[in-house]
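Take a look at the structure set out below.
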Amino acid sequence: MKLHWSPRSPFVRKVMITLHETGRLDEVELMRNVVASHLPPNPAVLADNPLGKIPALVTDQGVLFDSRVICAWLDRDGVLDAGIEAQRWQALADGATDILLAWRTELLRPQGAWDAITASFRAKIAAVMATLEAEADALASRPFGAGHVAVICFLGQLDFRWGDSAWRAHFPHLAVLAATWAERPSVAATAIVDDGAAGDEVTAGVLTFEKETT
């Protein structure tokens, strides 16, 4: 199998964690590709995924795209919890990750970000974090699964691109849980690596959390 891959992508990281957890890592060849919604489509990725997105997994049975589809296929033996709670957490975290990616792209617009959109993004991320904080005990009590993988990758994106948000100070139960997850071999082995221009300055000071969200 071949995986269109980037060490900076939170959705690729979901697939990489799943590969580690299912013991299938050695079955996959990684193909480094750069994609971004504000850039022309990458021809190598577009040839396999008409959406031009990563991850995309090339298999003998065809090309799979969308991290949820790929992870479900890789975990066809049921190593990871995939119950309805896990699916709900995965949907929540994936949606929040999409917001973070879209938000950063909005901030990169030459004409400047649209305030109404960024305000909406900020409110939604705050609501997601408050929900995850309230459900930290439930997350801790469930077997490790698809929902945990998605939440880990969402929080990893917060640390990677929104490193000054100080989310741990506002969501302490989630912070403790994240520290526990970070010790898991599959999580430690797939930590985000920035192998390109940093670009973090565009998000500096943009995302903050109010005390009442704790």
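Chains: A, B, ... in order of the structure tokens. Residues: from 1 per chain. Ligands: from 1, in order shown.
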task = Would you list, as a ChimeraX atom specification, the residues of stretch 8-91 of chain A that end up in helix (DSSP H, G or I) under DSSP run on this structure's backbone?
result = /A:10-22,25-27,43-48,67-74,84-91
request  = Report as a ChimeraX atom specification: the residues of stretch 58-93 of chain A with a DSSP assignment of strand (DSSP E), based on the backbone of this structure.
outcome  = /A:58-59,62-65
Against stretch 148-162 of chain A, which residues of stretch 23-128 of chain A fall within 7 Å? For each one I want the closest pair of atoms and the distance in Å (one decimal), counting only C-alpha atoms, rows by chain and increasing residue number, as a tab-separated table.
residue	atom	partner	partner_atom	distance
A:Gln90	CA	A:Ala150	CA	5.2
A:Ala93	CA	A:Val151	CA	5.1
A:Asp94	CA	A:Ala150	CA	6.2
A:Ala96	CA	A:Phe154	CA	6.9
A:Thr97	CA	A:Phe154	CA	5.2
request  = Name the residues in contact with stretch 37-48 of chain A at a cut-off of 7 Å, using only C-alpha atoms, excluding same-chain residues fewer than 5 positions from it; report them as an NGL selection string.
outcome  = :A and (4 or 53 or 63 or 105)
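Minimum atom-to-atom distances from A:Val193, A:Ile54, A:Val34, A:Ile17 to A:Leu3 were compared using only C-alpha atoms, and the lowest value belongs to A:Ile54.
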request  = Write out as an MDAnalysis selection string which residues come within 9 Å of stretch 142-144 of chain A when counting only C-alpha atoms, dropping same-chain ones fewer than 6 positions away.
outcome  = chainID A and resid 80:81 85:86
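If you look at atom CA of A:Thr190 and atom CA of A:Arg13, they are 6.3 Å away from each other.
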query = Which is closest to A:Ser120 among A:Met31, A:Leu177, A:Leu108, A:Ile99, if we use only C-alpha atoms?
reply =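 Of A:Met31, A:Leu177, A:Leu108, A:Ile99, the one nearest A:Ser120 is A:Ile99, counting only C-alpha atoms.
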